[in-house]
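Asks: Handing you a structure now.
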Amino acid sequence: MRLAALIFLAGSILFAEDRFLDWMNHIAQQQLDRREAAVKAVQTVDQAEARKGKVRAKILDLIGGLPDYDGPLNARITGSLERPRYVIEKVIFESLPQYFVTANLYRPHEPGRYPGVLLPLGHWEEGKPAVEQIAANLALKGFVVLAYDPVGQGERLQAYDRRLRRSLGGGATDQHILAGAQSLLAGESFARYRIWDAKRALDYLVSRPEVDAAKIGCTGCSGGGTITTYISALDPRITVSAPACYMNTFQLLFAGETGDSEQSIPNFLSSGLDLADYVELFAPKPWLIASTVGDFFPLEGARHAYQEASDWYALYGAKDKIAWAIGPGGHGTPIEDREAIYGWMIRWLKAGMGTAKEEPIQLTPAFDLWASESGQVGGRDLNEIIREDFRRKQSAGTREDMLPAIRKSAALPGPAAVRVIVTGNPAVQSIAIETEPGLEISCTLYAPQTSGRKPAVLVVDGSPALLARLVERGNVVLALTPRNSPSAVERGLIGDWITNTRALMIGRNLPGMRVGDIERAVDFLASRQDVDAAAIRATAYGVPGVWLLMAAAIDSRITRVWLDGTPYSLRAALDNPLSRNLHDAVIPGFALHWDLSDLVESIRPREVIWSNPTDWMESVQPHLGGYLYRTHEEPDDRFLKQLLR
């Protein structure tokens with residue numbers, strides 16, 4: 001039995017209560033099956049080179065391309081630390097104008113020209129000090145090494161509060177996910193900015209007079225393994241690669257340890273790609289996969305990537321240039337893996353001249369490795385870069401183009417199948433609606449036990465008190481719970497980001513699918529004998545109001561809408577580095593052409609009642625024209641009256 005089948009079975013057992021995740025994973029495995037068949041069909045070098053060209057172009061397209069910028073690095077050395085056999089230089093350079101990168105360059109003490117190694121960081125909050133052991137040992141072995149802080153880490157925290165000396169956005173991963181959601185507004189992947197930083201770091205490394213630009217390696221662990229993988233595959237200046245604790249397959253990762261915004265590229269699986277494609281882009285240059293037995297990037301996934309890549313390298317007669325090192329313990333680079341990496345670099349960049357044995361070094365307090373005076377480099381936050389790029393690409397869209405775009409995101413095939421279960425009182429029914437083949441959503445129906453057709457209200461994320469008041473007024477009320485992943489853990493500002501991340505990878509998106517769920521719920525209400533199909537209203541609180549607006553724009557059966565506490569604009573999410581639950585609302589690229597005001601206009605002359613419009617941090621925005629505002633602790637009566645009239 002092949003790996004994907006075993007994984008799907010295990011995933012079904014592990015997430016038995018998460019039918020939505022099972023449903024998405026089934027789609028993912030089908031896409032991966034098709035990709036695997038396409039890779040196996042490659043039997044010659046010419047076929048391999050043809051696929052590589054298509055894969056490289058597709059990856060660049062999926063991330064939104066790389067920034068179109070060729071300005072100076074404006075690099076400066078702000079200090080240095082002398083060690084007996086090597087020097088650590090503190091460096092600041094510009095990745096983009098006023099967008100600074102902080103780095104440490106490790107070079108042998110003796111003059112000469114040496115091979116270079118780019119060292120991207122994993123998700124260590126402290127940044128570059130976390131790799132001092134590896135960087136210093138490579139310098140001792142005759143390499144010039146550049147270790148740099150990723151955005152959101154070390155000296156590059158986003159939404160930095162100088163009073164607290166920390167980011168208001170949370171840890172490194174959360175900062176990446178926040179920027180990831182904003183990138184999606186512009187139809188891009190956050191990965192493009194991480195790859196660009198690596199490219200600019202490489203530009204600096206090869207500019208150094210001590211570096212032999214024809215001999216460049218790259219290695220990093222975890223998130224650093226991700227960037228090692230990306231930059232090695234996409235930048236031909238890298239000649240030797242050794243990512244650690246990353247190489248795997250989405251056959252295992254999709255329903256498990258799906259990565260953050262740079263590690264999970266939208267449409268990646270639906271485009272016929274998997275992580276081994278990066279290795280195959282690099283072939284036949286030397287590539288080492290480093291793993292650990294207890295990593296949350298599972299060993300079997302690394303084995304799968306290695307075996308596929310080995311077959312690919314064999315086409316080039318280069319099986320000696322692909323290797324797999326396995327160390328003990330959990331996520332990280334134990335000494336066994338570190339020495340394998342040293343040996344790999346020595347073998348291919350120094351003709352095997354040198355020893356891979358690790359030497360003890362003098363470790364340095366993090367603050368002594370700062371390239372900036374304060375420990376935070378300043379300059380522009382990434383969200384300013386994303387907003388600038390968004391505005392450059394922005395263009396007005398038409399209503400005629402907007403509605404098909406929403407319908408495409410909703411993607412509802414065939415008629416709805418409805419299963420009704422009466423629980424106790426016939427006036428309260430649990431409803432299961434098959435919104436797509438193999439996937440059901442849950443609703444609760446409150447049906448007044450009186451004869452004749454009655455007005456109906458669809459409630460998306462409403463309080464029990466609101467439901468009760470609607471029923472008291474003689475309405476058929478359907479409380480909808482759109483599809484979600486109960487196994488997903490929400491946290492901080494980013495909420496249930498992982499569900500949308502998974503959906504995007506298979507070519508879908510969570511907000512669009514929830515629009516489809518609302519459509520199915522309206523189908524159900526309109527089909528009932530006790531409902532007046534000409535009097536279906538709908539209401540939502542918070543971010544779900546965005547889904548409801550989209551649904552009402554494409555479905556004239558929704559005769560009136562009431563939104564409460566819903567963000568007033570998608571584009572407003574770019575106004576600062578922080579947002580709350582943006583992944584629940586963002587359809588990639590939609591906001592480039594339309595905003596929520598365009599949805600309201602498309603719904604007219606049907607009425608949209610909108611109370612207490614907010615920004616993306618849930619703060620009510622005062623004095624906006626066309627909106628209603630609650631007074632202190634005002635009940636719902638005024639708004640309900642307008643909804644139900």
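Residue numbering restarts at 1 in every chain; chains get A, B, ... in the order shown in the structure tokens, and ligands count up from 1 in that same order.
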Wanna dump the region 117-175 of chain A-region 186-196 of chain A contacts at 10 Å for me, each residue with its shortest atom pair and the distance in Å to one decimal, counting only C-alpha atoms, ordered by chain and number, as JSON lines?

Replies:
```
{"residue": "A:Pro120", "atom": "CA", "partner": "A:Arg194", "partner_atom": "CA", "distance": 9.7}
{"residue": "A:Pro150", "atom": "CA", "partner": "A:Arg194", "partner_atom": "CA", "distance": 7.4}
{"residue": "A:Val151", "atom": "CA", "partner": "A:Arg194", "partner_atom": "CA", "distance": 7.7}
```

Asks: Tell me, as a ChimeraX atom specification, which residues lie within 12 Å of region 249-252 of chain A, counting only C-alpha atoms; anything in the same chain fewer than 6 positions away does not count.

Replies: /A:2-11,25-33,35-36,258-259,263-265,268-270,272-279,296-309,502,505-506

Asks: For Arg491 (chain A), which of A:Thr398, A:Asn581, A:Gln98, A:Thr228 is the closest residue, counting only C-alpha atoms?

Replies: A:Asn581

Asks: Please identify all polymer residues within 6 Å of Gly545 (chain A), counting only C-alpha atoms, omitting same-chain residues fewer than 5 positions from it, and present them as a PyMOL selection string.

Replies: chain A and resi 540+563+566

Asks: Compile the contact shell of Gly375 (chain A) as a PDB file with N, CA and C atoms, in the first residue's frame: residues with an atom at most 12 Å away, counting only C-alpha atoms, same-chain residues fewer than 5 positions apart removed.

Replies:
```
ATOM      1  N   LYS A  90      29.102  42.481  12.367  1.00  0.00           N
ATOM      2  CA  LYS A  90      27.691  42.839  12.515  1.00  0.00           C
ATOM      3  C   LYS A  90      27.299  43.707  11.320  1.00  0.00           C
ATOM      4  N   ILE A  92      24.226  45.378   8.574  1.00  0.00           N
ATOM      5  CA  ILE A  92      22.863  45.798   8.233  1.00  0.00           C
ATOM      6  C   ILE A  92      22.838  46.121   6.744  1.00  0.00           C
ATOM      7  N   THR A 102      19.172  42.552   9.416  1.00  0.00           N
ATOM      8  CA  THR A 102      20.315  42.490  10.332  1.00  0.00           C
ATOM      9  C   THR A 102      20.970  41.119  10.218  1.00  0.00           C
ATOM     10  N   ALA A 103      22.285  41.087  10.255  1.00  0.00           N
ATOM     11  CA  ALA A 103      23.001  39.843   9.992  1.00  0.00           C
ATOM     12  C   ALA A 103      24.324  39.804  10.744  1.00  0.00           C
ATOM     13  N   GLU A 126      14.886  34.660  19.075  1.00  0.00           N
ATOM     14  CA  GLU A 126      16.059  35.521  19.240  1.00  0.00           C
ATOM     15  C   GLU A 126      16.827  35.730  17.943  1.00  0.00           C
ATOM     16  N   GLY A 127      16.488  34.988  16.887  1.00  0.00           N
ATOM     17  CA  GLY A 127      17.122  35.197  15.597  1.00  0.00           C
ATOM     18  C   GLY A 127      18.507  34.590  15.491  1.00  0.00           C
ATOM     19  N   LYS A 128      19.403  35.316  14.876  1.00  0.00           N
ATOM     20  CA  LYS A 128      20.692  34.791  14.439  1.00  0.00           C
ATOM     21  C   LYS A 128      21.584  34.204  15.529  1.00  0.00           C
ATOM     22  N   ASP A 149      18.715  37.668  10.319  1.00  0.00           N
ATOM     23  CA  ASP A 149      17.427  37.588  11.010  1.00  0.00           C
ATOM     24  C   ASP A 149      16.286  37.546  10.008  1.00  0.00           C
ATOM     25  N   GLN A 153      11.760  38.314  13.651  1.00  0.00           N
ATOM     26  CA  GLN A 153      12.638  37.648  14.608  1.00  0.00           C
ATOM     27  C   GLN A 153      13.881  38.506  14.873  1.00  0.00           C
ATOM     28  N   GLY A 154      14.512  38.214  15.999  1.00  0.00           N
ATOM     29  CA  GLY A 154      15.750  38.901  16.318  1.00  0.00           C
ATOM     30  C   GLY A 154      15.575  40.402  16.365  1.00  0.00           C
ATOM     31  N   GLU A 155      16.302  41.112  15.507  1.00  0.00           N
ATOM     32  CA  GLU A 155      16.263  42.576  15.478  1.00  0.00           C
ATOM     33  C   GLU A 155      15.242  43.122  14.484  1.00  0.00           C
ATOM     34  N   ARG A 156      14.313  42.245  14.004  1.00  0.00           N
ATOM     35  CA  ARG A 156      13.374  42.662  12.949  1.00  0.00           C
ATOM     36  C   ARG A 156      11.922  42.398  13.348  1.00  0.00           C
ATOM     37  N   LEU A 157      11.586  42.613  14.612  1.00  0.00           N
ATOM     38  CA  LEU A 157      10.211  42.389  15.044  1.00  0.00           C
ATOM     39  C   LEU A 157       9.274  43.379  14.362  1.00  0.00           C
ATOM     40  N   TYR A 160       6.481  46.435  16.580  1.00  0.00           N
ATOM     41  CA  TYR A 160       7.311  46.428  17.788  1.00  0.00           C
ATOM     42  C   TYR A 160       6.886  47.536  18.746  1.00  0.00           C
ATOM     43  N   ARG A 162       8.207  49.542  21.851  1.00  0.00           N
ATOM     44  CA  ARG A 162       9.457  49.801  22.564  1.00  0.00           C
ATOM     45  C   ARG A 162       9.278  49.806  24.078  1.00  0.00           C
ATOM     46  N   ARG A 165       9.205  46.039  24.626  1.00  0.00           N
ATOM     47  CA  ARG A 165      10.358  45.414  23.974  1.00  0.00           C
ATOM     48  C   ARG A 165       9.973  44.071  23.365  1.00  0.00           C
ATOM     49  N   ARG A 166       8.833  44.066  22.729  1.00  0.00           N
ATOM     50  CA  ARG A 166       8.356  42.876  22.032  1.00  0.00           C
ATOM     51  C   ARG A 166       7.334  43.279  20.981  1.00  0.00           C
ATOM     52  N   ALA A 366      23.192  37.127  23.222  1.00  0.00           N
ATOM     53  CA  ALA A 366      22.470  37.620  22.049  1.00  0.00           C
ATOM     54  C   ALA A 366      22.700  39.105  21.808  1.00  0.00           C
ATOM     55  N   PHE A 367      22.711  39.906  22.868  1.00  0.00           N
ATOM     56  CA  PHE A 367      22.823  41.359  22.685  1.00  0.00           C
ATOM     57  C   PHE A 367      24.182  41.767  22.136  1.00  0.00           C
ATOM     58  N   ASP A 368      25.215  40.928  22.337  1.00  0.00           N
ATOM     59  CA  ASP A 368      26.525  41.266  21.788  1.00  0.00           C
ATOM     60  C   ASP A 368      26.617  40.971  20.286  1.00  0.00           C
ATOM     61  N   LEU A 369      25.605  40.274  19.747  1.00  0.00           N
ATOM     62  CA  LEU A 369      25.566  40.006  18.308  1.00  0.00           C
ATOM     63  C   LEU A 369      24.649  40.980  17.566  1.00  0.00           C
ATOM     64  N   TRP A 370      24.030  41.904  18.293  1.00  0.00           N
ATOM     65  CA  TRP A 370      23.163  42.886  17.642  1.00  0.00           C
ATOM     66  C   TRP A 370      23.946  43.711  16.626  1.00  0.00           C
TER      67      TRP A 370
END
```

Asks: Assign secondary structure with DSSP using the backbone only, and return the residues of region 133-359 of chain A in alpha helix (DSSP H) as JSON, numbers by chain.

Replies: {"A": [133, 134, 135, 136, 137, 138, 139, 140, 172, 173, 174, 175, 176, 177, 178, 179, 180, 181, 182, 183, 184, 185, 191, 192, 193, 194, 195, 196, 197, 198, 199, 200, 201, 202, 203, 204, 205, 206, 207, 223, 224, 225, 226, 227, 228, 229, 230, 231, 232, 233, 234, 250, 251, 252, 253, 276, 277, 278, 279, 280, 281, 282, 299, 300, 301, 302, 303, 304, 305, 306, 307, 308, 309, 310, 311, 312, 313, 314, 315, 335, 336, 337, 338, 339, 340, 341, 342, 343, 344, 345, 346, 347, 348, 349]}

Asks: When DSSP is applied to the backbone of this structure, which of region 213-451 of chain A are assigned strand (DSSP E or B)? Write them out as a PyMOL selection string.

Replies: chain A and resi 213-221+240-244+287-292+322-327+417-422+428-436+439-446

Asks: Can you tell me which residues surround Arg56 (chain A) at a distance of at most 12 Å, considering only C-alpha atoms, apart from same-chain residues fewer than 5 positions away, and format the answer as a JSON list (two decimals) with N, CA and C atoms, in the first residue's frame?

Replies:
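Everything below was put into result_29.json:
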```json
[["chain", "number", "residue", "atom", "x", "y", "z"],
["A", 49, "GLU", "N", 14.24, 18.16, -17.56],
["A", 49, "GLU", "CA", 14.50, 19.59, -17.74],
["A", 49, "GLU", "C", 13.24, 20.33, -18.16],
["A", 50, "ALA", "N", 12.41, 19.70, -18.97],
["A", 50, "ALA", "CA", 11.15, 20.34, -19.38],
["A", 50, "ALA", "C", 10.24, 20.54, -18.17],
["A", 51, "ARG", "N", 10.15, 19.51, -17.32],
["A", 51, "ARG", "CA", 9.31, 19.67, -16.13],
["A", 51, "ARG", "C", 9.88, 20.74, -15.21],
["A", 61, "ASP", "N", 5.00, 32.06, -10.19],
["A", 61, "ASP", "CA", 3.66, 32.59, -10.41],
["A", 61, "ASP", "C", 2.82, 32.49, -9.14],
["A", 62, "LEU", "N", 2.90, 31.36, -8.44],
["A", 62, "LEU", "CA", 2.08, 31.14, -7.25],
["A", 62, "LEU", "C", 2.43, 32.12, -6.13],
["A", 63, "ILE", "N", 3.68, 32.48, -6.01],
["A", 63, "ILE", "CA", 4.05, 33.41, -4.93],
["A", 63, "ILE", "C", 3.81, 34.87, -5.32],
["A", 65, "GLY", "N", 5.45, 36.27, -7.99],
["A", 65, "GLY", "CA", 6.72, 36.79, -8.49],
["A", 65, "GLY", "C", 7.56, 37.39, -7.38],
["A", 230, "TYR", "N", 13.84, 26.88, -0.76],
["A", 230, "TYR", "CA", 13.34, 27.80, -1.77],
["A", 230, "TYR", "C", 14.46, 28.49, -2.54],
["A", 231, "ILE", "N", 15.40, 29.10, -1.81],
["A", 231, "ILE", "CA", 16.42, 29.89, -2.48],
["A", 231, "ILE", "C", 17.37, 28.99, -3.27],
["A", 232, "SER", "N", 17.61, 27.78, -2.78],
["A", 232, "SER", "CA", 18.46, 26.85, -3.52],
["A", 232, "SER", "C", 17.82, 26.48, -4.86],
["A", 233, "ALA", "N", 16.52, 26.24, -4.83],
["A", 233, "ALA", "CA", 15.82, 25.84, -6.05],
["A", 233, "ALA", "C", 15.68, 26.98, -7.04],
["A", 234, "LEU", "N", 15.60, 28.22, -6.54],
["A", 234, "LEU", "CA", 15.25, 29.34, -7.40],
["A", 234, "LEU", "C", 16.43, 30.24, -7.78],
["A", 235, "ASP", "N", 17.54, 30.16, -7.06],
["A", 235, "ASP", "CA", 18.68, 31.03, -7.36],
["A", 235, "ASP", "C", 19.87, 30.16, -7.77],
["A", 236, "PRO", "N", 20.30, 30.23, -9.02],
["A", 236, "PRO", "CA", 21.34, 29.32, -9.51],
["A", 236, "PRO", "C", 22.71, 29.55, -8.88],
["A", 271, "SER", "N", -1.76, 22.76, -8.12],
["A", 271, "SER", "CA", -0.91, 22.98, -9.30],
["A", 271, "SER", "C", -0.01, 21.79, -9.58],
["A", 273, "LEU", "N", 2.19, 20.14, -7.33],
["A", 273, "LEU", "CA", 3.52, 20.27, -6.74],
["A", 273, "LEU", "C", 3.57, 19.62, -5.37],
["A", 277, "ASP", "N", 9.69, 18.66, -5.38],
["A", 277, "ASP", "CA", 9.91, 19.42, -6.61],
["A", 277, "ASP", "C", 11.06, 20.41, -6.47],
["A", 278, "TYR", "N", 11.24, 20.96, -5.26],
["A", 278, "TYR", "CA", 12.36, 21.89, -5.07],
["A", 278, "TYR", "C", 13.70, 21.18, -5.22],
["A", 279, "VAL", "N", 13.80, 19.99, -4.66],
["A", 279, "VAL", "CA", 15.04, 19.21, -4.80],
["A", 279, "VAL", "C", 15.28, 18.92, -6.27],
["A", 280, "GLU", "N", 14.22, 18.56, -6.96],
["A", 280, "GLU", "CA", 14.35, 18.18, -8.37],
["A", 280, "GLU", "C", 14.72, 19.38, -9.24],
["A", 281, "LEU", "N", 14.28, 20.58, -8.84],
["A", 281, "LEU", "CA", 14.73, 21.78, -9.55],
["A", 281, "LEU", "C", 16.24, 21.97, -9.40],
["A", 282, "PHE", "N", 16.79, 21.56, -8.27],
["A", 282, "PHE", "CA", 18.21, 21.76, -7.97],
["A", 282, "PHE", "C", 19.09, 20.74, -8.68]]
```

Asks: Within 8 Å of Ala323 (chain A), counting only C-alpha atoms, which residues qualify if same-chain residues fewer than 6 places away don't, as JSON, numbers by chain?

Replies: {"A": [287, 288, 289, 306]}

Asks: Just C-alpha atoms for this one: save the residues we selected as a PDB file, in the first residue's frame.

Replies:
```pdb
ATOM      1  CA  TRP A 287      21.597  18.209  -1.966  1.00  0.00           C
ATOM      2  CA  LEU A 288      21.652  16.803   1.582  1.00  0.00           C
ATOM      3  CA  ILE A 289      18.416  16.166   3.476  1.00  0.00           C
ATOM      4  CA  TYR A 306      14.550  11.310  -0.445  1.00  0.00           C
TER       5      TYR A 306
END
```

Asks: Mind pulling up the distance from CA of Leu445 (chain A) to CA of Ile431 (chain A)?

Replies: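 Result for CA of Ile431 (chain A) versus CA of Leu445 (chain A): 6.9 Å, one decimal.
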
Asks: Set out as a tab-separated table a contact list for region 138-217 of chain A and region 352-356 of chain A with a cut-off of 12 Å, giving each residue of region 138-217 of chain A that qualifies its closest atom pair and distance in Å to one decimal, counting only C-alpha atoms, ordered by chain and rising residue number.

Replies:
```
residue	atom	partner	partner_atom	distance
A:Leu138	CA	A:Ala356	CA	9.2
A:Ala139	CA	A:Gly354	CA	11.9
A:Leu140	CA	A:Gly354	CA	10.1
A:Lys141	CA	A:Gly354	CA	6.7
A:Gly142	CA	A:Gly354	CA	8.5
A:Phe143	CA	A:Gly354	CA	11.1
```

Asks: Which is closest to Ala242 (chain A) among A:Val144, A:Met345, A:Ala371, A:Ala213, if we use only C-alpha atoms?

Replies: A:Met345

Asks: Leaving out region 612-614 of chain A and any residue of its chain fewer than 3 positions from it, which residues lie within 7 Å of it when counting only C-alpha atoms, given as a ChimeraX atom specification?

Replies: /A:564-568,618-621,628-630

Asks: Output the selection as an mmCIF file, in the first residue's frame - C-alpha atoms for each residue.

Replies:
```
data_model
loop_
_atom_site.group_PDB
_atom_site.id
_atom_site.type_symbol
_atom_site.label_atom_id
_atom_site.label_comp_id
_atom_site.auth_asym_id
_atom_site.auth_seq_id
_atom_site.Cartn_x
_atom_site.Cartn_y
_atom_site.Cartn_z
ATOM 1 C CA ASP A 564 -23.319 44.024 13.262
ATOM 2 C CA GLY A 565 -19.691 44.600 14.264
ATOM 3 C CA THR A 566 -18.393 43.618 10.820
ATOM 4 C CA PRO A 567 -15.163 45.182 9.476
ATOM 5 C CA TYR A 568 -16.138 47.930 7.054
ATOM 6 C CA GLU A 618 -12.626 45.000 16.294
ATOM 7 C CA SER A 619 -12.672 48.703 17.169
ATOM 8 C CA VAL A 620 -15.791 50.568 16.077
ATOM 9 C CA GLN A 621 -14.958 53.174 13.425
ATOM 10 C CA LEU A 628 -25.752 52.905 12.154
ATOM 11 C CA TYR A 629 -24.218 53.131 15.620
ATOM 12 C CA ARG A 630 -25.340 51.645 18.904
#
```

Asks: In Å, how far is it from CA of Met617 (chain A) to CA of Gly495 (chain A)?

Replies: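 According to the coordinates, CA of Met617 (chain A) and CA of Gly495 (chain A) are separated by 12.3 Å.
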
Asks: Between A:Gly438, A:Pro448, A:Pro97, A:Gly79, single out the one closest to Glu388 (chain A), counting only C-alpha atoms.

Replies: A:Pro97

Asks: Pick the closest to Asp523 (chain A) from A:Arg557, A:Ile421, A:Lys319, A:Leu570: which is it, counting only C-alpha atoms?

Replies: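 For Asp523 (chain A), the nearest of the given residues is A:Arg557.
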
Asks: Considering only C-alpha atoms, state which residue in the set A:Ser261, A:Asn425, A:Ser95, A:Thr450 is at the smallest distance from Ile494 (chain A).

Replies: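 For Ile494 (chain A), the nearest of the given residues is A:Ser261.
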